[in-house]
file run.txt (compact mmCIF, C-alpha atoms (C1' of nucleotides))
# COMPACT_ATOMS: atom_id res chain seq x y z
CA MET A 28 11.77 -32.00 -3.27
CA ALA A 29 12.94 -31.87 0.32
CA THR A 30 16.12 -30.02 -0.67
CA ALA A 31 14.21 -27.18 -2.26
CA ALA A 32 12.09 -26.84 0.87
CA LYS A 33 15.21 -26.75 3.00
CA VAL A 34 16.79 -24.03 0.93
CA LEU A 35 13.63 -21.97 1.25
CA THR A 36 13.53 -22.45 4.99
CA SER A 37 17.10 -21.34 5.44
CA ARG A 38 16.46 -18.34 3.24
CA ARG A 39 13.56 -17.30 5.38
CA SER A 40 15.37 -17.71 8.65
CA ARG A 41 18.15 -15.47 7.36
CA ARG A 42 15.81 -12.51 7.38
CA LYS A 43 15.70 -10.34 10.50
CA GLY A 44 11.98 -9.84 11.00
CA ASN A 45 9.45 -11.57 8.91
CA LEU A 46 7.52 -9.18 6.82
CA TYR A 47 5.46 -12.15 5.75
CA ASP A 48 3.21 -11.76 8.75
CA ALA A 49 0.65 -8.98 8.55
CA GLN A 50 0.86 -8.54 12.34
CA CYS A 51 4.63 -8.11 12.26
CA PRO A 52 5.62 -4.64 13.51
CA SER A 53 7.96 -4.13 10.58
CA ARG A 54 5.18 -4.87 8.14
CA ILE A 55 2.89 -2.40 9.89
CA VAL A 56 5.47 0.39 9.83
CA LEU A 57 6.26 -0.38 6.20
CA ASP A 58 2.55 -0.09 5.40
CA HIS A 59 2.43 3.28 7.11
CA VAL A 60 5.28 4.85 5.16
CA THR A 61 4.24 3.36 1.83
CA SER A 62 0.53 3.99 2.27
CA ARG A 63 -1.38 6.09 -0.22
CA TRP A 64 -1.22 9.34 1.76
CA GLY A 65 1.61 8.50 4.14
CA SER A 66 4.21 8.52 1.40
CA LEU A 67 2.92 11.81 0.00
CA VAL A 68 2.94 13.48 3.41
CA LEU A 69 6.55 12.42 3.92
CA LEU A 70 7.56 13.69 0.48
CA VAL A 71 5.92 17.08 1.00
CA LEU A 72 7.45 17.54 4.44
CA ILE A 73 10.99 17.00 3.12
CA ASP A 74 10.72 20.57 1.86
CA GLY A 75 9.97 21.82 5.34
CA THR A 76 7.32 22.37 7.99
CA GLN A 77 3.73 22.64 6.84
CA ARG A 78 0.38 23.37 8.43
CA PHE A 79 -2.56 20.97 8.25
CA SER A 80 -4.40 22.82 5.52
CA GLU A 81 -1.19 23.46 3.59
CA LEU A 82 -0.54 19.74 3.54
CA GLY A 83 -4.06 19.12 2.33
CA ARG A 84 -3.66 21.60 -0.52
CA ALA A 85 -0.15 20.47 -1.41
CA ILE A 86 -1.21 16.85 -1.68
CA GLY A 87 -4.58 17.43 -3.27
CA GLY A 88 -7.49 15.05 -3.37
CA VAL A 89 -7.09 13.92 0.21
CA SER A 90 -10.07 14.14 2.54
CA GLU A 91 -9.65 15.78 5.94
CA LYS A 92 -10.43 12.48 7.56
CA MET A 93 -7.69 10.56 5.79
CA LEU A 94 -5.17 13.36 6.24
CA ALA A 95 -5.82 13.53 9.97
CA GLN A 96 -5.68 9.76 10.27
CA THR A 97 -2.43 9.55 8.33
CA LEU A 98 -0.83 12.31 10.36
CA GLN A 99 -1.85 10.67 13.63
CA THR A 100 -0.34 7.37 12.55
CA LEU A 101 2.94 8.88 11.42
CA GLU A 102 3.16 10.98 14.58
CA ALA A 103 2.54 7.90 16.74
CA ASP A 104 5.35 6.17 14.83
CA GLY A 105 7.68 9.00 15.75
CA LEU A 106 8.17 9.96 12.12
CA LEU A 107 6.77 13.43 12.43
CA LEU A 108 6.33 16.14 15.00
CA ARG A 109 3.05 17.90 15.68
CA THR A 110 3.24 21.40 17.12
CA VAL A 111 0.07 23.08 18.32
CA TYR A 112 -0.11 26.85 18.71
CA PRO A 113 -2.95 27.62 21.14
CA THR A 114 -4.09 30.66 19.21
CA ILE A 115 -7.38 31.63 17.67
CA PRO A 116 -7.82 30.45 15.05
CA PRO A 117 -5.84 27.33 15.91
CA LYS A 118 -2.60 26.63 14.11
CA VAL A 119 -0.91 23.24 13.90
CA GLU A 120 2.40 22.57 12.24
CA TYR A 121 3.86 19.29 11.13
CA SER A 122 7.53 18.58 10.54
CA LEU A 123 9.71 15.51 10.09
CA THR A 124 11.69 14.05 12.94
CA ARG A 125 15.17 12.64 12.27
CA LEU A 126 13.58 9.22 11.83
CA GLY A 127 10.92 10.66 9.57
CA THR A 128 13.49 12.40 7.42
CA GLU A 129 15.34 9.14 6.90
CA ALA A 130 12.12 7.40 5.95
CA ALA A 131 11.14 10.23 3.63
CA LEU A 132 14.48 10.13 1.82
CA HIS A 133 14.13 6.39 1.26
CA ILE A 134 10.63 6.94 -0.09
CA ARG A 135 11.93 9.67 -2.36
CA THR A 136 14.65 7.38 -3.69
CA LEU A 137 12.01 4.80 -4.49
CA THR A 138 9.59 7.23 -6.11
CA ASN A 139 12.40 8.81 -8.12
CA TRP A 140 13.32 5.38 -9.44
CA VAL A 141 9.70 4.74 -10.35
CA GLU A 142 9.41 8.05 -12.17
CA ASP A 143 12.65 7.42 -14.03
CA ASN A 144 11.46 4.02 -15.18
CA VAL A 145 7.74 4.45 -15.57
CA SER A 146 8.03 5.08 -19.30
CA THR A 147 9.70 1.70 -19.75
CA VAL A 148 6.94 0.05 -17.78
CA MET A 149 4.22 1.79 -19.73
CA GLN A 150 5.77 0.76 -23.04
CA PHE A 151 5.79 -2.77 -21.76
CA ARG A 152 2.17 -2.62 -20.74
CA SER A 153 0.96 -1.14 -24.02
CA LYS A 154 2.81 -3.79 -26.04
CA ARG A 155 0.95 -6.42 -24.10
CA GLY A 156 -2.19 -4.57 -25.09
CA GLY A 157 -3.99 -5.12 -21.82
CA LEU A 158 -4.21 -4.75 -18.10
CA GLN A 159 -4.27 -0.98 -17.92
CA LYS A 160 -5.55 -1.40 -14.40
CA MET B 7 -1.09 34.22 2.34
CA ALA B 8 -0.59 34.39 -1.38
CA THR B 9 3.16 33.89 -1.00
CA ALA B 10 2.78 30.60 0.81
CA ALA B 11 0.46 29.37 -1.93
CA LYS B 12 2.98 30.42 -4.56
CA VAL B 13 5.80 28.57 -2.88
CA LEU B 14 3.67 25.46 -2.72
CA THR B 15 2.78 25.72 -6.38
CA SER B 16 6.37 26.05 -7.43
CA ARG B 17 7.29 23.13 -5.24
CA ARG B 18 4.74 20.95 -6.93
CA SER B 19 5.73 21.94 -10.42
CA ARG B 20 9.33 21.06 -9.61
CA ARG B 21 8.38 17.40 -9.38
CA LYS B 22 8.65 15.27 -12.49
CA GLY B 23 5.38 13.37 -12.42
CA ASN B 24 2.71 14.05 -9.93
CA LEU B 25 2.19 11.16 -7.62
CA TYR B 26 -0.63 13.15 -6.16
CA ASP B 27 -3.02 11.82 -8.79
CA ALA B 28 -4.25 8.27 -8.25
CA GLN B 29 -4.50 7.83 -12.04
CA CYS B 30 -0.90 8.87 -12.59
CA PRO B 31 1.12 6.00 -14.09
CA SER B 32 3.93 6.52 -11.59
CA ARG B 33 1.50 6.23 -8.71
CA ILE B 34 0.10 3.00 -10.14
CA VAL B 35 3.52 1.41 -10.58
CA LEU B 36 4.51 2.55 -7.10
CA ASP B 37 1.40 0.88 -5.73
CA HIS B 38 2.30 -2.34 -7.51
CA VAL B 39 5.81 -2.64 -6.09
CA THR B 40 4.82 -1.54 -2.59
CA SER B 41 1.61 -3.57 -2.45
CA ARG B 42 1.09 -6.14 0.26
CA TRP B 43 2.16 -9.15 -1.82
CA GLY B 44 4.04 -7.38 -4.59
CA SER B 45 6.86 -6.29 -2.33
CA LEU B 46 7.17 -9.77 -0.83
CA VAL B 47 7.29 -11.42 -4.26
CA LEU B 48 10.08 -9.08 -5.31
CA LEU B 49 12.04 -9.73 -2.12
CA VAL B 50 11.76 -13.50 -2.46
CA LEU B 51 12.78 -13.45 -6.12
CA ILE B 52 16.00 -11.56 -5.38
CA ASP B 53 17.34 -14.91 -4.20
CA GLY B 54 16.59 -16.48 -7.55
CA THR B 55 13.97 -18.08 -9.76
CA GLN B 56 11.00 -19.68 -8.05
CA ARG B 57 7.98 -21.71 -9.09
CA PHE B 58 4.41 -20.63 -8.36
CA SER B 59 3.89 -22.95 -5.44
CA GLU B 60 7.36 -22.23 -4.07
CA LEU B 61 6.52 -18.54 -4.01
CA GLY B 62 3.28 -19.31 -2.24
CA ARG B 63 5.05 -21.32 0.44
CA ALA B 64 7.95 -18.89 0.78
CA ILE B 65 5.63 -15.95 1.33
CA GLY B 66 3.06 -17.75 3.44
CA GLY B 67 -0.50 -16.69 4.08
CA VAL B 68 -1.12 -15.60 0.51
CA SER B 69 -4.14 -17.03 -1.31
CA GLU B 70 -3.66 -18.48 -4.79
CA LYS B 71 -5.91 -15.78 -6.14
CA MET B 72 -3.84 -12.92 -4.78
CA LEU B 73 -0.56 -14.54 -5.72
CA ALA B 74 -1.71 -15.08 -9.30
CA GLN B 75 -3.07 -11.55 -9.50
CA THR B 76 0.12 -10.03 -8.10
CA LEU B 77 2.32 -12.05 -10.45
CA GLN B 78 0.22 -11.01 -13.45
CA THR B 79 0.49 -7.37 -12.53
CA LEU B 80 4.25 -7.45 -12.00
CA GLU B 81 4.72 -9.41 -15.21
CA ALA B 82 2.63 -6.88 -17.13
CA ASP B 83 4.82 -4.13 -15.68
CA GLY B 84 7.89 -5.90 -17.05
CA LEU B 85 9.29 -6.45 -13.59
CA LEU B 86 9.30 -10.20 -13.76
CA LEU B 87 9.52 -12.96 -16.31
CA ARG B 88 7.11 -15.88 -16.50
CA THR B 89 8.41 -19.07 -18.05
CA VAL B 90 5.99 -21.90 -18.76
CA TYR B 91 7.22 -25.45 -19.24
CA PRO B 92 4.55 -27.38 -21.19
CA THR B 93 5.03 -30.56 -19.19
CA ILE B 94 2.68 -32.71 -17.19
CA PRO B 95 2.25 -31.68 -14.48
CA PRO B 96 2.67 -28.06 -15.59
CA LYS B 97 5.63 -26.07 -14.31
CA VAL B 98 5.87 -22.30 -14.29
CA GLU B 99 8.88 -20.34 -13.15
CA TYR B 100 9.13 -16.69 -12.20
CA SER B 101 12.28 -14.59 -12.18
CA LEU B 102 13.15 -10.92 -12.00
CA THR B 103 13.95 -8.89 -15.11
CA ARG B 104 16.66 -6.25 -14.95
CA LEU B 105 13.96 -3.69 -14.16
CA GLY B 106 12.45 -5.98 -11.54
CA THR B 107 15.82 -6.52 -9.90
CA GLU B 108 16.32 -2.78 -9.58
CA ALA B 109 12.88 -2.38 -8.05
CA ALA B 110 13.47 -5.29 -5.70
CA LEU B 111 16.74 -3.85 -4.46
CA HIS B 112 15.08 -0.52 -3.74
CA ILE B 113 12.33 -2.34 -1.84
CA ARG B 114 14.95 -4.27 0.09
CA THR B 115 16.75 -1.06 1.03
CA LEU B 116 13.50 0.34 2.35
CA THR B 117 12.49 -2.79 4.25
CA ASN B 118 15.98 -3.09 5.71
CA TRP B 119 15.72 0.46 6.98
CA VAL B 120 12.34 -0.30 8.50
CA GLU B 121 13.63 -3.41 10.22
CA ASP B 122 16.64 -1.52 11.54
CA ASN B 123 14.44 1.18 13.00
CA VAL B 124 11.27 -0.64 13.96
CA SER B 125 12.40 -0.99 17.57
CA THR B 126 12.70 2.79 17.88
CA VAL B 127 9.24 3.19 16.41
CA MET B 128 7.72 0.60 18.72
CA GLN B 129 9.29 2.26 21.78
CA PHE B 130 7.77 5.51 20.64
CA ARG B 131 4.36 3.94 20.20
CA SER B 132 4.36 2.21 23.58
CA LYS B 133 5.34 5.44 25.37
CA ARG B 134 2.32 7.10 23.86
CA GLY B 135 0.32 4.19 25.20
CA GLY B 136 -2.08 4.00 22.33
CA LEU B 137 -2.75 3.38 18.69
CA GLN B 138 -1.39 -0.13 18.43
CA LYS B 139 -3.22 -0.40 15.14
C1' DC C 17 0.61 -28.20 -10.63
C1' DG C 18 -0.99 -23.77 -11.76
C1' DG C 19 -4.23 -21.57 -12.39
C1' DT C 20 -9.51 -19.25 -13.35
C1' DA C 21 -14.51 -18.22 -11.90
C1' DT C 22 -17.85 -16.95 -8.68
C1' DC C 23 -19.64 -15.41 -4.50
C1' DC C 24 -19.90 -12.35 -0.69
C1' DA C 25 -18.24 -10.38 3.98
C1' DG C 26 -15.58 -6.75 5.97
C1' DC C 27 -13.82 -2.43 6.25
C1' DG C 28 -11.43 1.37 4.00
C1' DC C 29 -12.60 5.50 2.69
C1' DG C 30 -15.35 9.46 1.03
C1' DA C 31 -19.33 12.48 2.08
C1' DT C 32 -21.57 15.03 5.33
C1' DA C 33 -22.45 17.28 9.53
C1' DC C 34 -20.90 19.16 13.73
C1' DT C 35 -17.28 21.36 17.39
C1' DG C 36 -13.72 24.20 20.00
C1' DC D 17 -8.48 26.52 11.19
C1' DA D 18 -8.14 21.89 12.58
C1' DG D 19 -10.14 18.64 13.52
C1' DT D 20 -14.03 14.55 15.38
C1' DA D 21 -18.44 11.67 14.62
C1' DT D 22 -21.39 9.09 12.00
C1' DC D 23 -23.20 6.70 8.03
C1' DG D 24 -23.10 3.95 4.01
C1' DC D 25 -21.17 2.20 -0.39
C1' DG D 26 -17.57 -0.02 -3.11
C1' DC D 27 -13.98 -2.59 -3.76
C1' DT D 28 -10.39 -5.74 -1.88
C1' DG D 29 -9.45 -9.99 -1.05
C1' DG D 30 -10.56 -14.70 1.29
C1' DA D 31 -13.18 -19.12 0.61
C1' DT D 32 -14.77 -22.38 -2.37
C1' DA D 33 -15.33 -24.82 -6.51
C1' DC D 34 -13.85 -26.10 -10.92
C1' DC D 35 -10.38 -26.79 -15.21
C1' DG D 36 -6.28 -28.05 -18.53

call {"tool": "encode", "arguments": {"input": "run.txt", "output": "structure tokens"}}
result
Amino acid sequence: MATAAKVLTSRRSRRKGNLYDAQCPSRIVLDHVTSRWGSLVLLVLIDGTQRFSELGRAIGGVSEKMLAQTLQTLEADGLLLRTVYPTIPPKVEYSLTRLGTEAALHIRTLTNWVEDNVSTVMQFRSKRGGLQK
Amino acid sequence: MATAAKVLTSRRSRRKGNLYDAQCPSRIVLDHVTSRWGSLVLLVLIDGTQRFSELGRAIGGVSEKMLAQTLQTLEADGLLLRTVYPTIPPKVEYSLTRLGTEAALHIRTLTNWVEDNVSTVMQFRSKRGGLQK
DNA sequence: CGGTATCCAGCGCGATACTG
DNA sequence: CAGTATCGCGCTGGATACCG
């Protein structure tokens, strides 16, 4: 139906950016804050400044490589601040910027909702008897 | 310092689930709703019921395989409802459940925030001159 | 139309080793 | 301590073909 197609088109054009494109900046930033380790870093840093190794221990199960990569990305996005103390041994602290704090609070809202509703979801899944993936 | 470790421990135990474990149900559900195509499906369905091919066209760039897989996952999670009309040609409609609507609105809040702030992030990135990944 | 089945290329990510 | 460099495997996901 042409009408249905038209409705869809108008719906799409109403959106500000289009997250539908993988190259879209919004999509990229969204991927950063919702990524496996990105979201956890943001959540941990809500509680305050942390050092590199503290972050690693607090999160758990993250390799140094992925932690460093994640931190670089979030810093480049302006979501967190990296402070280097030129001492021996070296000491580097990470904290949220204003932008990062906003992002982190949104992530926390989302994760809180998930945690509040996960039992409902799991009941649903077990009834269906499958797809425990 | 032992104290720092203690603080961290107490911080972690304060959380309800621990998203830090990849096998944690909460983490899995979070991955589903924030996944590449999962979030887009939820956003599109806020506007109302859609057929399989309509979803595909509305989202754009998604393969049939990934769309089907995403829809199965979200249906298994109880986030969306799949209605099959046994006609020829077949017709299948997808709509959000109450749970799915809640999730979708949270996703929309997050994506709206990202779109509102993406310009700030991009300015930040271009100043730094690198990491356009 | 609305899927499933199969194949396989790319790269995300962990493991390991090394550095200032 | 806080990383970077390199290698290799595993799984995600796209392309293609087929089905009810």

call {"tool": "interface_residues", "arguments": {"input": "run.txt", "of": "chain A", "to": "chain D", "cutoff": "9 Å", "atoms": "all atoms listed in the file", "output": "PyMOL selection string"}}
result
chain A and resi 79-80+91-92+95+115-119

call {"tool": "closest_residue", "arguments": {"input": "run.txt", "among": "A:Arg125, A:Arg78, A:Arg109, A:His133", "to": "chain B", "atoms": "only C-alpha atoms"}}
result
A:His133

call {"tool": "closest_atom_pairs", "arguments": {"input": "run.txt", "of": "chain C", "to": "chain A", "cutoff": "10 Å", "atoms": "all atoms listed in the file", "output": "JSON lines"}}
result
{"residue": "C:DC29", "atom": "C1'", "partner": "A:Met93", "partner_atom": "CA", "distance": 7.7}
{"residue": "C:DG30", "atom": "C1'", "partner": "A:Ser90", "partner_atom": "CA", "distance": 7.2}
{"residue": "C:DA31", "atom": "C1'", "partner": "A:Ser90", "partner_atom": "CA", "distance": 9.4}
{"residue": "C:DG36", "atom": "C1'", "partner": "A:Pro117", "partner_atom": "CA", "distance": 9.4}

call {"tool": "closest_atom_pairs", "arguments": {"input": "run.txt", "of": "chain A", "to": "chain B", "cutoff": "7 Å", "atoms": "only C-alpha atoms", "output": "JSON lines"}}
result
{"residue": "A:Leu35", "atom": "CA", "partner": "B:Ala64", "partner_atom": "CA", "distance": 6.5}
{"residue": "A:Gly44", "atom": "CA", "partner": "B:Glu121", "partner_atom": "CA", "distance": 6.7}
{"residue": "A:Tyr47", "atom": "CA", "partner": "B:Ile65", "partner_atom": "CA", "distance": 5.8}
{"residue": "A:Pro52", "atom": "CA", "partner": "B:Val124", "partner_atom": "CA", "distance": 6.9}
{"residue": "A:Ser53", "atom": "CA", "partner": "B:Glu121", "partner_atom": "CA", "distance": 5.7}
{"residue": "A:Leu57", "atom": "CA", "partner": "B:Val120", "partner_atom": "CA", "distance": 6.5}
{"residue": "A:Thr61", "atom": "CA", "partner": "B:Thr40", "partner_atom": "CA", "distance": 6.6}
{"residue": "A:Ala85", "atom": "CA", "partner": "B:Leu14", "partner_atom": "CA", "distance": 6.4}
{"residue": "A:Ile86", "atom": "CA", "partner": "B:Tyr26", "partner_atom": "CA", "distance": 5.8}
{"residue": "A:Gly87", "atom": "CA", "partner": "B:Tyr26", "partner_atom": "CA", "distance": 6.5}
{"residue": "A:Ala103", "atom": "CA", "partner": "B:Arg131", "partner_atom": "CA", "distance": 5.6}
{"residue": "A:Asp104", "atom": "CA", "partner": "B:Val127", "partner_atom": "CA", "distance": 5.1}
{"residue": "A:Gly105", "atom": "CA", "partner": "B:Phe130", "partner_atom": "CA", "distance": 6.0}
{"residue": "A:His133", "atom": "CA", "partner": "B:Leu116", "partner_atom": "CA", "distance": 6.2}
{"residue": "A:Leu137", "atom": "CA", "partner": "B:His112", "partner_atom": "CA", "distance": 6.2}
{"residue": "A:Thr138", "atom": "CA", "partner": "B:Leu36", "partner_atom": "CA", "distance": 7.0}
{"residue": "A:Val141", "atom": "CA", "partner": "B:Ser32", "partner_atom": "CA", "distance": 6.2}
{"residue": "A:Glu142", "atom": "CA", "partner": "B:Ser32", "partner_atom": "CA", "distance": 5.7}
{"residue": "A:Val145", "atom": "CA", "partner": "B:Ser32", "partner_atom": "CA", "distance": 5.9}
{"residue": "A:Val148", "atom": "CA", "partner": "B:Asp83", "partner_atom": "CA", "distance": 5.1}
{"residue": "A:Phe151", "atom": "CA", "partner": "B:Gly84", "partner_atom": "CA", "distance": 6.0}
{"residue": "A:Arg152", "atom": "CA", "partner": "B:Ala82", "partner_atom": "CA", "distance": 5.6}

call {"tool": "atom_distance", "arguments": {"input": "run.txt", "atom1": "atom CA of Leu102 of chain B", "atom2": "atom CA of Thr89 of chain B"}}
result
11.2 Å

call {"tool": "atom_distance", "arguments": {"input": "run.txt", "atom1": "atom CA of Ser122 of chain A", "atom2": "atom CA of Ile73 of chain A"}}
result
8.3 Å

call {"tool": "atom_distance", "arguments": {"input": "run.txt", "atom1": "atom CA of Val47 of chain B", "atom2": "atom CA of Leu86 of chain B"}}
result
9.8 Å
